[in-house]
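Asker: My structure is below; once you've seen it, I'll send some questions.
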Amino acid sequence: MELHQAVVAPWPVATLALEPAEVQTRLGLRFTEVPGNLGDELLAYGQLSDGTVLGFSRLIGHRRPGVDVSQYARRAPRDVLTELLFETGLSHDEVSWRAPSDDADDGRLWARTNAEAYAYFLLHRQPGDPHPDLTQNLTIVRDREDPDVRSVQFLDFIIHLRARPFPLTSIGTGSYSEPDDPPSGIIDPGGWMFLATQWEASANELLQAYGPRIISVDEYWAVYYPLLQLENTADEALRFLPPDVDEMPVRMFWTPIGLWMRRRNPHAFNRAVLSAKSTEYRTAFPEFLRIYGPPPK
């Protein structure tokens with residue numbers, strides 16, 4: 001990052017859980033002492049690859065740790081932070097505060113459908129956690145303040161769903177959204193493709209073990225659900241791709257797992273690759289049904 005002079009008012013982006021000396025070393029910045037509105041502060045400027053100028057500041061003598069990051073533009077704070085993390089190698093764990101992504105950001109997690117909420121729980125389930133089984137480990141409640149909002153809780157995660165004029169897409173359908181829905185607000189493209197790799201690997205491992213023999217009912221369902229859940233994951237990732245570009249912009253990978261997937265597979269998120277995956281995933285489930293027959297009754 002380079003030193004720049006800013007000429008417009010700053011707009012908050014985030015606070016890094018790092019001291020100025022560490023930010024200076026890791027990002028190649030140069031802090032200088034300048035007078036500020038609340039007193040003297042340490043200030044450095046940097047620039048993202050697209051030209052967005054950033055300010056890094058710390059009030060001298062302030063007991064609160066960290067370095068505040070501001071932008072000298074009016075871009076969505078989440079987009080700026082995502083690009084900053086990607087370009088500098090910083091992690092989400094090194095961010096102690098994030099500015100709201102937009103005026104509608106109320107800090108809650110909103111899913112478009114039941115199936116998407118379920119996918120989110122699976123994505124964030126840790127080793128040793130129970131499975132988010134619909135009848136045992138999920139709690140579904142109505143919002144006391146807004147009866148049109150329904151909430152689903154699994155462990156410490158709470159996902160909210162707004163009422164629709166038609167039934168919500170249910171768990172186990174392989175569909176995570178309706179045709180007119182926007183892209184997911186809780187799972188980014190990297191998250192969808194991470195889930196896809198898990199479901200694809202699980203199904204392939206089982207199918208290789210089964211071979212051409214007749215399989216049991218339990219074996220059938222063990223493959224059926226991963227392939228069903230896999231079917232539309234690439235399509236959900238493609239929803240984020242702007243129509244006028246072929247490469248997924250970095251700003252779309254705002255989650256830790258999403259950014260990790262983007263760094264790990266830099267060429268996996270272009271239109272051609274995702275479209276090919278979409279075709280592959282959409283044919284895998286019907287092919288399974290063709291070979292092993294319809295679901296057992």
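By convention here, the chains of the structure tokens are called A, B, ... in the order presented, each chain's residues are numbered starting at 1, and ligands are numbered starting at 1 in the order presented.
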Give the alpha helix (DSSP H) residues of stretch 12-138 of chain A, as assigned by DSSP on the backbone, as a compact mmCIF listing (two decimals) with N, CA and C atoms, in the first residue's frame.

Answerer:
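For reference, out-v6.txt as written:
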```txt
# COMPACT_ATOMS: atom_id res chain seq x y z
N PRO A 20 -0.77 0.34 15.89
CA PRO A 20 -0.21 1.04 14.73
C PRO A 20 1.13 0.49 14.27
N ALA A 21 1.99 0.11 15.20
CA ALA A 21 3.30 -0.40 14.80
C ALA A 21 3.18 -1.67 13.97
N GLU A 22 2.24 -2.54 14.35
CA GLU A 22 2.07 -3.78 13.59
C GLU A 22 1.43 -3.51 12.24
N VAL A 23 0.45 -2.60 12.21
CA VAL A 23 -0.16 -2.23 10.93
C VAL A 23 0.89 -1.62 10.01
N GLN A 24 1.74 -0.79 10.56
CA GLN A 24 2.79 -0.14 9.77
C GLN A 24 3.73 -1.17 9.16
N THR A 25 4.10 -2.17 9.96
CA THR A 25 5.03 -3.20 9.48
C THR A 25 4.38 -4.12 8.45
N ARG A 26 3.19 -4.59 8.75
CA ARG A 26 2.57 -5.59 7.89
C ARG A 26 2.00 -5.01 6.61
N LEU A 27 1.55 -3.76 6.65
CA LEU A 27 0.93 -3.17 5.47
C LEU A 27 1.86 -2.20 4.74
N PRO A 77 -19.15 -0.30 2.98
CA PRO A 77 -18.04 -0.64 3.88
C PRO A 77 -17.62 -2.11 3.81
N ARG A 78 -18.60 -3.01 3.66
CA ARG A 78 -18.26 -4.43 3.59
C ARG A 78 -17.38 -4.74 2.39
N ASP A 79 -17.67 -4.10 1.25
CA ASP A 79 -16.86 -4.32 0.05
C ASP A 79 -15.43 -3.85 0.26
N VAL A 80 -15.30 -2.67 0.87
CA VAL A 80 -13.96 -2.11 1.10
C VAL A 80 -13.17 -2.99 2.05
N LEU A 81 -13.81 -3.42 3.13
CA LEU A 81 -13.12 -4.27 4.10
C LEU A 81 -12.69 -5.59 3.47
N THR A 82 -13.57 -6.19 2.68
CA THR A 82 -13.23 -7.46 2.04
C THR A 82 -12.01 -7.31 1.14
N GLU A 83 -11.98 -6.25 0.36
CA GLU A 83 -10.83 -6.03 -0.53
C GLU A 83 -9.56 -5.73 0.27
N LEU A 84 -9.71 -5.02 1.38
CA LEU A 84 -8.55 -4.74 2.22
C LEU A 84 -7.97 -6.05 2.77
N LEU A 85 -8.82 -6.92 3.29
CA LEU A 85 -8.35 -8.19 3.83
C LEU A 85 -7.70 -9.04 2.75
N PHE A 86 -8.31 -9.08 1.58
CA PHE A 86 -7.78 -9.90 0.49
C PHE A 86 -6.41 -9.39 0.03
N GLU A 87 -6.29 -8.09 -0.12
CA GLU A 87 -5.07 -7.53 -0.69
C GLU A 87 -3.91 -7.47 0.31
N THR A 88 -4.22 -7.47 1.59
CA THR A 88 -3.17 -7.36 2.60
C THR A 88 -2.85 -8.68 3.29
N ASN A 114 -36.14 -21.45 4.24
CA ASN A 114 -35.75 -22.42 5.27
C ASN A 114 -34.51 -23.19 4.84
N ALA A 115 -34.46 -23.57 3.57
CA ALA A 115 -33.34 -24.37 3.07
C ALA A 115 -32.03 -23.60 3.17
N GLU A 116 -32.08 -22.30 2.92
CA GLU A 116 -30.86 -21.50 3.03
C GLU A 116 -30.41 -21.39 4.48
N ALA A 117 -31.36 -21.22 5.40
CA ALA A 117 -31.01 -21.18 6.82
C ALA A 117 -30.35 -22.49 7.23
N TYR A 118 -30.89 -23.59 6.76
CA TYR A 118 -30.33 -24.91 7.07
C TYR A 118 -28.91 -25.03 6.51
N ALA A 119 -28.70 -24.54 5.28
CA ALA A 119 -27.36 -24.58 4.67
C ALA A 119 -26.38 -23.74 5.49
N TYR A 120 -26.84 -22.61 6.00
CA TYR A 120 -25.98 -21.76 6.82
C TYR A 120 -25.56 -22.50 8.09
N PHE A 121 -26.49 -23.19 8.71
CA PHE A 121 -26.16 -23.96 9.92
C PHE A 121 -25.13 -25.04 9.60
N LEU A 122 -25.32 -25.73 8.49
CA LEU A 122 -24.36 -26.77 8.10
C LEU A 122 -22.98 -26.17 7.84
N LEU A 123 -22.95 -25.00 7.23
CA LEU A 123 -21.68 -24.36 6.90
C LEU A 123 -20.90 -23.97 8.15
N HIS A 124 -21.60 -23.60 9.21
CA HIS A 124 -20.95 -23.12 10.43
C HIS A 124 -20.91 -24.16 11.55
```

Asker: Residues near stretch 203-220 of chain A, anyone? I mean within 10 Å using only C-alpha atoms, not counting same-chain ones fewer than 3 positions away, as a PyMOL selection string.

Answerer: chain A and resi 197-200+223-227+230+284+288-289+291-297

Asker: Quick one: pick out all strand (DSSP E) residues within stretch 114-192 of chain A from a backbone DSSP run and write them as a count of residues only.

Answerer: 16

Asker: May I ask which of the residues A:Pro10, A:Pro249, A:Pro189, A:Pro286 is the closest one to A:Asp235, counting only C-alpha atoms?

Answerer: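 Ranking A:Pro10, A:Pro249, A:Pro189, A:Pro286 by distance to A:Asp235, first place goes to A:Pro189.
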
Asker: Find the spatial neighbours of stretch 256-272 of chain A, counting only C-alpha atoms, within a cut-off of 9 Å - ignore same-chain residues fewer than 6 positions away - and output them as a list in words.

Answerer: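 Skipping anything fewer than 6 positions along the chain leaves Thr82, Leu85, Phe86, Ser91, His92, Asp93, Leu123, Ile187, Asp188, Pro189, Gly190, Gly191, Trp192, Met193, Phe194, Ala237, Leu238, Leu241, Val245, Asp246, Glu247, Met248, Pro249 and Val250 of chain A.
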
Asker: When you draw a straight line from atom CA of A:Thr52 to atom CA of A:Asn37, how long is it in Å?

Answerer: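 These atoms are spaced 23.3 Å apart.
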
Asker: Write out as a list in words the residues lying within 8 Å of A:Val69, counting only C-alpha atoms and excluding same-chain residues fewer than 4 positions away.

Answerer: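 Listed by chain and then number, they are Pro12, Val13, Ala14, Thr15, Leu16, Leu54, Gly55, Phe56 and Ser57 of chain A.
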
Asker: Let me see the file: selected residues, C-alpha atoms, as an mmCIF file, in the first residue's frame.

Answerer:
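Saved result, part_19.cif, follows:
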```cif
data_model
loop_
_atom_site.group_PDB
_atom_site.id
_atom_site.type_symbol
_atom_site.label_atom_id
_atom_site.label_comp_id
_atom_site.auth_asym_id
_atom_site.auth_seq_id
_atom_site.Cartn_x
_atom_site.Cartn_y
_atom_site.Cartn_z
ATOM 1 C CA PRO A 12 -15.823 4.553 8.614
ATOM 2 C CA VAL A 13 -15.083 1.018 7.442
ATOM 3 C CA ALA A 14 -13.782 -1.031 10.369
ATOM 4 C CA THR A 15 -11.429 -1.222 13.326
ATOM 5 C CA LEU A 16 -8.416 -3.509 13.163
ATOM 6 C CA LEU A 54 -8.015 4.454 2.985
ATOM 7 C CA GLY A 55 -7.065 6.184 6.205
ATOM 8 C CA PHE A 56 -5.639 4.314 9.207
ATOM 9 C CA SER A 57 -5.812 6.240 12.473
#
```

Asker: Tell me, in Å to one decimal, how far atom CA of A:Glu231 is from atom CA of A:Ile159.

Answerer: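 Separation between atom CA of A:Glu231 and atom CA of A:Ile159: 22.7 Å.
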
Asker: Ranking A:Gly128, A:Trp11, A:Gln229, A:Arg74 by minimum distance to A:Phe285 and counting only C-alpha atoms, which one comes first?

Answerer: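 Distance minimum relative to A:Phe285 lands on A:Gln229.
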
Asker: Could you pull the residues within 10 Å of A:Gly185, counting only C-alpha atoms, minus those fewer than 2 positions along the same chain, as a list in words?

Answerer: Leu109, Trp110, Ala111, Arg112, Pro182, Pro183, Ile187 and Asp188 of chain A

Asker: Restricting it to C-alpha atoms, dump the selection as a compact mmCIF listing (two decimals), in the first residue's frame.

Answerer:
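Okay, selection_6.txt is ready:
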```
# COMPACT_ATOMS: atom_id res chain seq x y z
CA LEU A 109 -28.93 -12.70 9.83
CA TRP A 110 -31.71 -12.96 7.23
CA ALA A 111 -32.28 -16.03 5.09
CA ARG A 112 -34.45 -16.14 1.99
CA PRO A 182 -31.42 -11.41 -4.75
CA PRO A 183 -28.17 -13.25 -3.97
CA ILE A 187 -23.63 -17.19 2.38
CA ASP A 188 -21.22 -15.76 -0.19
```

Asker: Kindly indicate which residue among A:Gln47, A:Ser101, A:Gln126, A:Thr283 lies nearest to A:Trp254, using only C-alpha atoms for the distances.

Answerer: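 The answer is A:Ser101, which sits nearest to A:Trp254.
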
Asker: Just to confirm, what's the straight-line distance from atom CA of A:Gly107 to atom CA of A:Ile186 in Å (one decimal)?

Answerer: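 These atoms are spaced 11.4 Å apart.
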